[in-house]
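Shown next: target-v1.txt, given as compact mmCIF, C-alpha atoms.
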```txt
# COMPACT_ATOMS: atom_id res chain seq x y z
CA MET A 17 177.17 -5.64 42.54
CA VAL A 18 177.01 -6.45 38.83
CA LYS A 19 173.58 -5.92 37.36
CA ILE A 20 172.33 -8.16 34.57
CA PRO A 21 169.69 -7.24 31.99
CA SER A 22 166.11 -8.07 32.81
CA MET A 23 164.39 -10.89 30.93
CA ASN A 24 164.54 -10.48 27.16
CA GLY A 25 165.74 -6.90 27.52
CA GLU A 26 162.27 -5.77 28.58
CA LYS A 27 161.52 -2.56 30.44
CA THR A 28 162.57 -2.49 34.09
CA LEU A 29 159.93 -1.98 36.75
CA ARG A 30 159.66 -0.33 40.15
CA LEU A 31 158.85 -3.04 42.72
CA LEU A 32 158.12 -2.94 46.45
CA PHE A 33 158.51 -6.10 48.57
CA TYR A 34 156.99 -6.16 52.05
CA CYS A 35 157.24 -8.65 54.94
CA PRO A 36 157.35 -8.42 58.76
CA SER A 37 161.13 -8.84 59.17
CA LEU A 38 164.19 -10.59 57.79
CA CYS A 39 164.22 -13.31 60.46
CA ASP A 40 165.45 -16.82 59.80
CA GLY A 41 162.34 -18.25 58.19
CA GLY A 42 161.99 -19.84 54.79
CA GLY A 43 159.54 -17.20 53.58
CA GLU A 44 161.73 -14.35 54.77
CA ARG A 45 164.78 -15.81 53.00
CA VAL A 46 162.76 -16.16 49.80
CA TRP A 47 161.57 -12.53 50.01
CA ALA A 48 165.13 -11.28 50.51
CA LEU A 49 166.36 -13.45 47.64
CA LEU A 50 163.61 -12.24 45.30
CA ALA A 51 164.20 -8.59 46.13
CA GLY A 52 167.95 -8.97 45.60
CA GLU A 53 167.63 -10.90 42.34
CA MET A 54 165.07 -8.47 40.92
CA ALA A 55 167.45 -5.62 41.73
CA ARG A 56 170.32 -7.51 40.10
CA ARG A 57 168.19 -7.83 36.97
CA GLY A 58 167.96 -4.06 36.79
CA HIS A 59 164.59 -3.39 38.41
CA GLU A 60 164.20 -0.60 40.96
CA VAL A 61 163.49 -2.46 44.19
CA MET A 62 162.54 -1.44 47.70
CA LEU A 63 162.32 -4.03 50.50
CA VAL A 64 160.20 -2.88 53.44
CA VAL A 65 159.92 -4.62 56.83
CA ASP A 66 158.08 -3.84 60.04
CA GLY A 67 161.05 -4.34 62.35
CA GLU A 68 164.56 -5.70 62.78
CA ALA A 69 165.41 -9.37 63.34
CA GLN A 70 168.21 -11.02 65.31
CA ASN A 71 168.97 -13.90 62.92
CA GLY A 72 168.28 -14.13 59.23
CA PRO A 73 169.36 -12.88 55.82
CA ALA A 74 171.02 -9.52 55.36
CA PRO A 75 169.23 -6.80 53.39
CA PRO A 76 169.94 -7.59 49.73
CA PRO A 77 172.49 -5.49 47.85
CA GLY A 78 171.03 -3.20 45.21
CA ALA A 79 167.63 -2.85 46.88
CA ARG A 80 166.54 0.07 49.03
CA PHE A 81 165.78 -1.12 52.55
CA GLU A 82 163.23 0.51 54.87
CA ILE A 83 162.19 -0.37 58.44
CA LEU A 84 158.74 0.94 59.39
CA GLY A 85 158.86 0.44 63.18
CA GLY A 86 155.97 1.03 65.57
CA GLY A 87 152.62 -0.76 65.75
CA HIS A 88 150.33 -2.11 63.03
CA ALA A 89 148.24 1.04 62.48
CA GLY A 90 151.31 3.26 62.23
CA GLN A 91 152.99 0.76 59.91
CA VAL A 92 150.04 0.87 57.51
CA LEU A 93 150.11 4.67 57.48
CA ARG A 94 153.88 4.81 56.93
CA LEU A 95 153.66 2.13 54.28
CA ARG A 96 150.92 4.07 52.48
CA ALA A 97 153.05 7.21 52.58
CA LEU A 98 155.97 5.25 51.14
CA VAL A 99 153.78 3.90 48.33
CA ARG A 100 152.48 7.37 47.48
CA ARG A 101 155.97 8.88 47.52
CA TRP A 102 157.89 6.12 45.74
CA ARG A 103 155.03 5.03 43.40
CA PRO A 104 155.89 1.35 42.79
CA GLN A 105 154.20 -0.24 39.80
CA VAL A 106 153.80 -3.59 41.57
CA ALA A 107 153.85 -4.23 45.34
CA LEU A 108 154.30 -7.72 46.77
CA ALA A 109 153.46 -8.86 50.31
CA ALA A 110 154.22 -12.10 52.14
CA ILE A 111 154.06 -13.63 55.62
CA GLY A 112 151.78 -12.92 58.56
CA ALA A 113 149.46 -9.92 58.25
CA SER A 114 151.53 -8.28 55.50
CA PRO A 115 149.05 -9.02 52.67
CA LEU A 116 146.25 -7.27 54.57
CA LYS A 117 148.40 -4.30 55.59
CA LEU A 118 149.77 -3.79 52.08
CA ALA A 119 146.27 -4.14 50.57
CA LEU A 120 145.17 -1.26 52.80
CA ALA A 121 148.29 0.77 52.00
CA VAL A 122 147.97 0.55 48.20
CA ALA A 123 144.19 1.05 48.00
CA GLY A 124 143.39 3.79 45.49
CA THR A 125 147.03 4.41 44.53
CA GLY A 126 147.10 2.54 41.21
CA THR A 127 149.85 0.19 42.43
CA ARG A 128 149.14 -3.42 41.49
CA LEU A 129 149.21 -5.93 44.36
CA ILE A 130 150.52 -9.51 44.60
CA SER A 131 149.81 -11.38 47.84
CA ALA A 132 151.90 -14.44 48.73
CA PHE A 133 151.29 -17.09 51.40
CA HIS A 134 153.94 -19.46 52.73
CA GLY A 135 152.43 -21.77 55.35
CA PHE A 136 149.32 -23.72 56.31
CA GLU A 137 149.56 -22.58 59.93
CA GLU A 138 150.39 -18.89 59.34
CA TRP A 139 146.89 -17.94 60.44
CA ARG A 140 147.67 -19.18 63.96
CA SER A 141 150.53 -16.75 64.49
CA GLY A 142 148.56 -13.75 65.78
CA ARG A 143 145.20 -12.03 65.81
CA LEU A 144 145.89 -9.76 62.86
CA THR A 145 147.30 -12.64 60.84
CA HIS A 146 144.21 -14.69 61.66
CA LEU A 147 142.07 -11.78 60.47
CA THR A 148 144.17 -11.59 57.29
CA TRP A 149 143.32 -15.18 56.43
CA ARG A 150 139.66 -14.66 57.34
CA LEU A 151 139.64 -11.73 54.90
CA MET A 152 141.16 -13.84 52.12
CA PRO A 153 138.18 -13.25 49.75
CA MET A 154 138.67 -9.46 50.05
CA ILE A 155 142.45 -9.70 49.74
CA SER A 156 142.22 -11.86 46.63
CA ARG A 157 139.72 -9.41 45.07
CA ARG A 158 142.15 -6.54 45.66
CA SER A 159 145.16 -8.54 44.48
CA ALA A 160 146.12 -9.03 40.86
CA ALA A 161 147.48 -12.45 41.87
CA VAL A 162 147.66 -14.66 44.95
CA VAL A 163 150.69 -16.96 45.17
CA ALA A 164 151.11 -20.18 47.17
CA VAL A 165 154.39 -22.05 47.55
CA SER A 166 152.93 -25.51 46.86
CA ASP A 167 149.96 -27.03 45.06
CA ALA A 168 148.53 -28.23 48.36
CA LEU A 169 148.67 -24.73 49.85
CA ARG A 170 147.07 -23.28 46.73
CA ASP A 171 144.15 -25.69 47.14
CA GLU A 172 143.89 -24.75 50.82
CA LEU A 173 143.76 -21.01 50.04
CA VAL A 174 140.97 -21.54 47.51
CA GLU A 175 138.89 -24.28 49.12
CA ARG A 176 139.14 -23.38 52.79
CA TRP A 177 139.88 -19.66 52.87
CA GLY A 178 138.03 -18.36 49.80
CA ALA A 179 140.81 -17.06 47.53
CA GLN A 180 139.62 -16.59 43.95
CA ALA A 181 140.69 -19.70 42.04
CA GLU A 182 141.33 -17.85 38.78
CA LYS A 183 143.82 -15.51 40.48
CA THR A 184 145.56 -18.07 42.70
CA LEU A 185 148.64 -19.89 41.46
CA ARG A 186 151.57 -21.90 42.73
CA ILE A 187 155.20 -20.82 42.45
CA TYR A 188 157.65 -23.06 44.25
CA ASN A 189 160.21 -21.26 46.40
CA PRO A 190 163.39 -20.31 44.55
CA VAL A 191 166.34 -21.71 46.53
CA ALA A 192 169.85 -20.28 46.36
CA LEU A 193 172.18 -23.19 45.51
CA PRO A 194 175.97 -23.27 45.14
CA ASP A 195 177.43 -23.26 41.64
CA PRO A 196 178.81 -25.83 41.13
CA LEU A 197 176.85 -28.11 43.44
CA PRO A 198 178.82 -29.77 46.25
CA ASP A 199 180.80 -32.93 45.52
CA ALA A 200 178.89 -35.78 47.18
CA SER A 201 180.89 -38.65 45.69
CA GLY A 202 182.16 -39.74 49.11
CA LEU A 203 178.76 -39.68 50.80
CA ALA A 204 178.78 -43.34 51.91
CA LYS A 205 182.21 -42.90 53.56
CA ARG A 206 181.16 -40.07 55.85
CA PRO A 207 180.58 -40.69 59.57
CA PRO A 208 176.97 -41.65 60.41
CA ARG A 209 175.72 -38.11 61.04
CA VAL A 210 172.08 -37.04 60.84
CA LEU A 211 171.44 -33.34 60.19
CA ALA A 212 168.28 -31.36 60.95
CA ILE A 213 167.71 -27.66 60.25
CA GLY A 214 164.89 -25.39 61.39
CA ARG A 215 163.44 -23.07 63.98
CA LEU A 216 163.15 -24.75 67.37
CA SER A 217 159.40 -24.34 67.67
CA ARG A 218 156.52 -26.75 68.13
CA GLU A 219 155.47 -27.01 64.48
CA LYS A 220 158.94 -28.15 63.44
CA GLY A 221 158.60 -31.40 65.39
CA PHE A 222 162.10 -31.74 66.84
CA GLY A 223 160.72 -33.63 69.84
CA LEU A 224 159.66 -36.40 67.45
CA LEU A 225 163.14 -36.43 65.95
CA LEU A 226 164.87 -36.75 69.32
CA LYS A 227 162.60 -39.66 70.27
CA ALA A 228 163.27 -41.29 66.90
CA PHE A 229 167.01 -40.79 67.29
CA ALA A 230 166.86 -42.55 70.67
CA MET A 231 165.31 -45.59 68.91
CA MET A 232 167.93 -45.83 66.17
CA GLU A 233 170.18 -48.89 65.89
CA THR A 234 173.11 -47.43 63.91
CA PRO A 235 176.25 -47.61 66.07
CA ASP A 236 177.88 -44.25 66.78
CA ALA A 237 175.15 -42.26 65.00
CA ARG A 238 175.21 -38.57 65.85
CA LEU A 239 172.60 -35.84 65.36
CA THR A 240 173.32 -32.17 64.66
CA ILE A 241 170.44 -29.67 64.90
CA LEU A 242 170.88 -26.22 63.37
CA GLY A 243 168.52 -23.50 64.53
CA ASP A 244 167.27 -21.64 67.54
CA GLY A 245 163.91 -20.79 68.99
CA PRO A 246 161.58 -20.92 71.98
CA MET A 247 161.79 -24.70 72.50
CA ARG A 248 165.56 -25.00 72.70
CA ALA A 249 165.74 -25.52 76.48
CA THR A 250 162.85 -27.99 76.39
CA LEU A 251 164.51 -29.99 73.61
CA GLU A 252 167.84 -30.03 75.42
CA GLU A 253 166.08 -31.38 78.53
CA LEU A 254 164.36 -34.02 76.38
CA ALA A 255 167.70 -35.14 74.96
CA GLU A 256 169.00 -35.47 78.53
CA SER A 257 165.98 -37.51 79.62
CA LEU A 258 166.39 -39.83 76.61
CA ASP A 259 170.08 -40.32 77.49
CA ILE A 260 171.22 -39.16 74.05
CA SER A 261 172.61 -35.71 74.86
CA SER A 262 176.21 -36.87 74.37
CA ARG A 263 175.37 -37.73 70.76
CA VAL A 264 173.18 -34.70 69.97
CA GLU A 265 174.65 -31.29 69.10
CA PHE A 266 172.48 -28.17 69.28
CA ALA A 267 174.59 -25.96 67.02
CA GLY A 268 172.31 -22.89 67.08
CA TRP A 269 171.43 -20.67 64.16
CA GLN A 270 173.93 -20.80 61.29
CA GLY A 271 174.05 -18.34 58.42
CA ASP A 272 175.80 -20.89 56.20
CA VAL A 273 174.41 -24.43 56.30
CA TRP A 274 176.52 -25.86 53.47
CA PRO A 275 179.53 -26.92 55.59
CA PHE A 276 177.14 -28.93 57.78
CA LEU A 277 175.43 -30.49 54.75
CA SER A 278 178.83 -31.50 53.41
CA ARG A 279 179.55 -33.51 56.59
CA ALA A 280 176.17 -35.23 57.00
CA ARG A 281 174.98 -38.51 55.53
CA VAL A 282 171.21 -37.89 55.74
CA LEU A 283 168.83 -34.99 56.45
CA ALA A 284 165.88 -35.39 58.83
CA LEU A 285 162.82 -33.14 58.53
CA PRO A 286 160.33 -33.92 61.34
CA SER A 287 157.87 -31.02 60.80
CA ARG A 288 154.26 -31.35 61.91
CA THR A 289 153.31 -29.15 58.95
CA GLU A 290 155.40 -27.98 56.00
CA SER A 291 154.05 -26.14 52.97
CA PHE A 292 157.35 -26.31 51.06
CA GLY A 293 160.69 -26.95 52.81
CA ASN A 294 163.68 -25.03 51.44
CA VAL A 295 166.00 -27.23 53.48
CA VAL A 296 164.80 -30.32 51.60
CA VAL A 297 165.98 -28.75 48.35
CA GLU A 298 169.29 -27.73 49.95
CA ALA A 299 169.84 -31.27 51.21
CA LEU A 300 169.10 -32.75 47.78
CA ALA A 301 171.50 -30.24 46.22
CA ALA A 302 174.18 -31.52 48.61
CA GLY A 303 173.37 -35.07 47.48
CA LEU A 304 171.79 -36.15 50.77
CA PRO A 305 168.81 -38.47 51.09
CA VAL A 306 165.94 -37.00 53.09
CA ALA A 307 163.84 -38.67 55.79
CA ALA A 308 160.82 -36.38 56.20
CA THR A 309 157.40 -36.47 57.74
CA ASP A 310 154.66 -36.88 55.17
CA THR A 311 153.62 -33.24 54.81
CA PRO A 312 152.64 -31.52 51.54
CA GLY A 313 155.85 -29.60 50.81
CA PRO A 314 158.33 -32.48 51.12
CA ARG A 315 155.84 -34.75 49.36
CA GLU A 316 155.79 -32.44 46.33
CA ILE A 317 159.56 -31.91 46.34
CA LEU A 318 160.40 -35.62 46.59
CA GLY A 319 157.72 -36.40 44.03
CA GLY A 320 157.38 -40.06 44.96
CA ASP A 321 160.94 -40.85 43.84
CA GLU A 322 162.34 -43.34 46.37
CA ARG A 323 165.91 -42.50 45.34
CA LEU A 324 165.47 -39.03 46.87
CA GLY A 325 164.14 -39.86 50.30
CA THR A 326 161.52 -41.43 52.53
CA LEU A 327 158.26 -40.05 53.88
CA VAL A 328 157.07 -41.21 57.31
CA PRO A 329 153.91 -40.48 59.32
CA VAL A 330 153.89 -37.17 61.18
CA THR A 331 153.65 -39.02 64.51
CA GLY A 332 155.83 -41.93 63.39
CA GLY A 333 158.91 -41.88 65.61
CA ALA A 334 159.69 -45.55 64.99
CA ALA A 335 159.23 -45.11 61.23
CA MET A 336 161.56 -42.09 61.27
CA ALA A 337 164.16 -44.12 63.18
CA ARG A 338 163.98 -46.95 60.62
CA ALA A 339 164.27 -44.54 57.69
CA LEU A 340 167.32 -42.84 59.19
CA ASP A 341 168.98 -46.19 59.94
CA GLN A 342 168.36 -47.35 56.37
CA TRP A 343 169.78 -44.20 54.78
CA LEU A 344 172.82 -44.21 57.04
CA ALA A 345 173.48 -47.83 56.07
CA ASN A 346 173.08 -47.12 52.36
CA PRO A 347 172.80 -43.42 51.37
CA GLY A 348 172.51 -44.29 47.67
CA ASP A 349 173.33 -42.26 44.58
CA PRO A 350 173.52 -38.46 45.03
CA ALA A 351 173.11 -37.69 41.30
CA PRO A 352 169.29 -37.98 41.01
CA ARG A 353 168.91 -35.78 44.09
CA GLN A 354 171.14 -33.07 42.72
CA ARG A 355 169.28 -33.13 39.41
CA ARG A 356 165.97 -32.75 41.25
CA ALA A 357 167.30 -29.87 43.36
CA MET A 358 168.15 -27.86 40.25
CA GLU A 359 164.44 -27.78 39.37
CA PHE A 360 164.01 -25.42 42.34
CA SER A 361 167.04 -23.22 41.64
CA ALA A 362 166.94 -19.49 42.31
CA ALA A 363 167.32 -18.63 38.63
CA ARG A 364 164.38 -20.81 37.64
CA GLY A 365 162.13 -19.54 40.44
CA VAL A 366 162.99 -15.87 39.92
CA ASP A 367 162.25 -16.24 36.20
CA GLU A 368 158.77 -17.44 37.12
CA TRP A 369 158.26 -14.55 39.55
CA GLU A 370 159.47 -12.03 36.98
CA ARG A 371 157.04 -13.37 34.39
CA LEU A 372 154.21 -12.95 36.91
CA VAL A 373 155.23 -9.41 37.84
CA ARG A 374 155.35 -8.39 34.18
CA LYS A 375 151.98 -10.00 33.50
CA VAL A 376 150.44 -8.17 36.47
CA HIS A 377 151.93 -4.87 35.37
CA ALA A 378 150.76 -5.27 31.81
CA ALA A 379 147.17 -6.27 32.70
```

Now, as a test, write the supplied structure out as structure tokens.
Amino acid sequence: MVKIPSMNGEKTLRLLFYCPSLCDGGGERVWALLAGEMARRGHEVMLVVDGEAQNGPAPPPGARFEILGGGHAGQVLRLRALVRRWRPQVALAAIGASPLKLALAVAGTGTRLISAFHGFEEWRSGRLTHLTWRLMPMISRRSAAVVAVSDALRDELVERWGAQAEKTLRIYNPVALPDPLPDASGLAKRPPRVLAIGRLSREKGFGLLLKAFAMMETPDARLTILGDGPMRATLEELAESLDISSRVEFAGWQGDVWPFLSRARVLALPSRTESFGNVVVEALAAGLPVAATDTPGPREILGGDERLGTLVPVTGGAAMARALDQWLANPGDPAPRQRRAMEFSAARGVDEWERLVRKVHAA
């Protein structure tokens, strides 16, 4: 791995990143990307997780990688021992109960803490995570900064959960994009293929998408769904009951989504809730229009620009079907989408994170 100098030739730092695992979630991919890019910029980086994951990003090159193992109490103790031994200047936590556990681990050590939150519904994912959100006022007091991935989530953390407004900021997810971006000049000539990407779980709304697909009028339209999860069997049964299974492909988890994006004509995002939506940026980078449910993340990414995509009601199966039919019939100009995607590039997002880390360290 070739290391590049840190921003403006400034002093490198010792940074610890912590999350539950490197599973195939948007937040986990962002944490792995940040750890790897900070290491590439010359910082000393350690990425710590609670346990292993079946699907997801690989541990980033250049960063030390540690798996804590065991239960929550033991993880906090092992994490505290790691902090005391390795002495990071700034420690960053994201996803689930990690902000609470890292706040306990760094207490009294002199290590500065940054707590990041990635989803509106994270608090529903377990008792300790629920407690973490309930203790948001304490966590924000102990943190030098609290980061949300969208403006809407930032407002939620402050107004509903009690994060300190003066410490809470928004940094959009940095998204790793190909360089150069894919050639989308032949988009309108592609077969009428709809692509959807995400974990097959309730909050991702794939049942809505299947029902919408069954209502579509485009001849020979096909749907490819990338991802795996607890609802796969249920969704496959739903496709059978809707008599669309011959036109729907459940392709499972894929480490590389770009070949699929290069064959699609439109991306569908049917989530019930979405605080950002990395896949929306990836689709725009591939030149695809996006038909998404009207949730805060896609709303902020699309920014009201009708050339980029269409927002439909969260329960609007018929509206989703119409939007997909319209984009398949006329996918439009890829150029404005690719320009918009570059505003969320990894380089731009990591720059913003590095500025925050330096500010926290210097305070």

Anything within 7 Å of (172.0, -36.4, 60.9): list those residues as a PDB file with C-alpha atoms, keeping the file's coordinate frame, counting all atoms listed in the file and sticking to the file's coordinates.
```pdb
ATOM      1  CA  ARG A 209     175.720 -38.110  61.040  1.00  0.00           C
ATOM      2  CA  VAL A 210     172.080 -37.040  60.840  1.00  0.00           C
ATOM      3  CA  LEU A 211     171.440 -33.340  60.190  1.00  0.00           C
ATOM      4  CA  ALA A 212     168.280 -31.360  60.950  1.00  0.00           C
ATOM      5  CA  ARG A 238     175.210 -38.570  65.850  1.00  0.00           C
ATOM      6  CA  LEU A 239     172.600 -35.840  65.360  1.00  0.00           C
ATOM      7  CA  THR A 240     173.320 -32.170  64.660  1.00  0.00           C
ATOM      8  CA  ALA A 280     176.170 -35.230  57.000  1.00  0.00           C
ATOM      9  CA  ARG A 281     174.980 -38.510  55.530  1.00  0.00           C
ATOM     10  CA  VAL A 282     171.210 -37.890  55.740  1.00  0.00           C
ATOM     11  CA  LEU A 283     168.830 -34.990  56.450  1.00  0.00           C
ATOM     12  CA  ALA A 284     165.880 -35.390  58.830  1.00  0.00           C
TER      13      ALA A 284
END
```

Problem set entry | Polymer residues at most 12 Å from Arg279 (chain A), all atoms listed in the file, same-chain spacing of 6 or more positions, as a list in words | Pro198, Asp199, Ala200, Gly202, Leu203, Ala204, Lys205, Arg206, Pro207, Pro208, Arg209, Val210, Leu211, Arg238, Leu239, Thr240, Val273, Ala299, Ala302, Gly303 and Leu304 of chain A

Residues within 7 Å of Pro104 (chain A), all atoms listed in the file, excluding chain neighbours under 6 positions, as an mmCIF file with C-alpha atoms, keeping the file's coordinate frame:
```cif
data_model
loop_
_atom_site.group_PDB
_atom_site.id
_atom_site.type_symbol
_atom_site.label_atom_id
_atom_site.label_comp_id
_atom_site.auth_asym_id
_atom_site.auth_seq_id
_atom_site.Cartn_x
_atom_site.Cartn_y
_atom_site.Cartn_z
ATOM 1 C CA ARG A 30 159.660 -0.330 40.150
ATOM 2 C CA LEU A 31 158.850 -3.040 42.720
ATOM 3 C CA LEU A 32 158.120 -2.940 46.450
ATOM 4 C CA THR A 127 149.850 0.190 42.430
#
```

With a cut-off of 12 Å, could you pull out the residues of region 146-236 of chain A touching region 310-327 of chain A and give me the nearest pair of atoms for each, distance in Å to one decimal, using all atoms listed in the file, ordered by chain and ascending number, as JSON lines?
```
{"residue": "A:Ala164", "atom": "CA", "partner": "A:Gly313", "partner_atom": "CA", "distance": 11.2}
{"residue": "A:Val165", "atom": "CA", "partner": "A:Gly313", "partner_atom": "CA", "distance": 8.4}
{"residue": "A:Ser166", "atom": "CA", "partner": "A:Gly313", "partner_atom": "CA", "distance": 6.4}
{"residue": "A:Asp167", "atom": "CA", "partner": "A:Glu316", "partner_atom": "CA", "distance": 8.1}
{"residue": "A:Ala168", "atom": "CA", "partner": "A:Pro312", "partner_atom": "CA", "distance": 6.2}
{"residue": "A:Leu169", "atom": "CA", "partner": "A:Pro312", "partner_atom": "CA", "distance": 8.0}
{"residue": "A:Arg170", "atom": "CA", "partner": "A:Pro312", "partner_atom": "CA", "distance": 11.0}
{"residue": "A:Asp171", "atom": "CA", "partner": "A:Pro312", "partner_atom": "CA", "distance": 11.2}
{"residue": "A:Glu172", "atom": "CA", "partner": "A:Pro312", "partner_atom": "CA", "distance": 11.1}
{"residue": "A:Arg186", "atom": "CA", "partner": "A:Glu316", "partner_atom": "CA", "distance": 11.9}
{"residue": "A:Tyr188", "atom": "CA", "partner": "A:Ile317", "partner_atom": "CA", "distance": 9.3}
{"residue": "A:Asn189", "atom": "CA", "partner": "A:Gly313", "partner_atom": "CA", "distance": 10.4}
{"residue": "A:Glu219", "atom": "CA", "partner": "A:Thr311", "partner_atom": "CA", "distance": 11.7}
{"residue": "A:Lys220", "atom": "CA", "partner": "A:Thr311", "partner_atom": "CA", "distance": 11.3}
{"residue": "A:Gly221", "atom": "CA", "partner": "A:Thr311", "partner_atom": "CA", "distance": 11.8}
```

Problem set entry | Residues near region 351-368 of chain A, cut-off 6 Å, all atoms listed in the file, skip fewer than 5 positions along chain, as a PyMOL selection string | chain A and resi 190-192+297+300-301+303+324

Exercise. Between CA of Trp274 (chain A) and CA of Asp349 (chain A), what is the spacing in Å?
Worked result: 18.9 Å

For this session: One decimal, Å: what's the distance from CA of Val376 (chain A) over to CA of Arg103 (chain A), could you say?
Result: 15.6 Å

Problem set entry | CA of Leu173 (chain A) to CA of Tyr34 (chain A), distance in Å rounded to a single decimal |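 Atom-to-atom, CA of Leu173 (chain A) and CA of Tyr34 (chain A) are spaced 20.0 Å apart.
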
Exercise. From the list A:Ala109, A:Ala335, A:Ile213, A:Leu258, which residue is nearest Ser287 (chain A) when using only C-alpha atoms?
Worked result: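 Of all the options, A:Ile213 lies closest to Ser287 (chain A).
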
Problem set entry | Nearest candidate to Trp269 (chain A) (options A:His377, A:Arg100, A:Arg215, A:Arg288; using all atoms listed in the file) |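 The shortest atom-to-atom distance to Trp269 (chain A) comes from A:Arg215.
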
For this session: Could you give me, as an MDAnalysis selection string, the residues within 10 Å of region 87-97 of chain A, counting only C-alpha atoms and dropping anything in the same chain fewer than 3 positions from it?
Result: chainID A and resid 34 64:67 82:84 100:103 113:114 116:123 125 144

Exercise. Using only C-alpha atoms, which residue out of A:Leu193, A:Ala334, A:Leu216, A:Leu372 lies closest to Met247 (chain A)?
Worked result: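 The answer is A:Leu216, which sits nearest to Met247 (chain A).
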
Problem set entry | Contacts of Arg374 (chain A) at 10 Å (all atoms listed in the file; same-chain gap of 5+ positions) as a PyMOL selection string | chain A and resi 23+26-29+105-106+369+379

Exercise. Using all atoms listed in the file, which of A:Val296, A:Ala161, A:Ala110, A:Leu340 sits nearest Thr145 (chain A)?
Worked result: A:Ala110
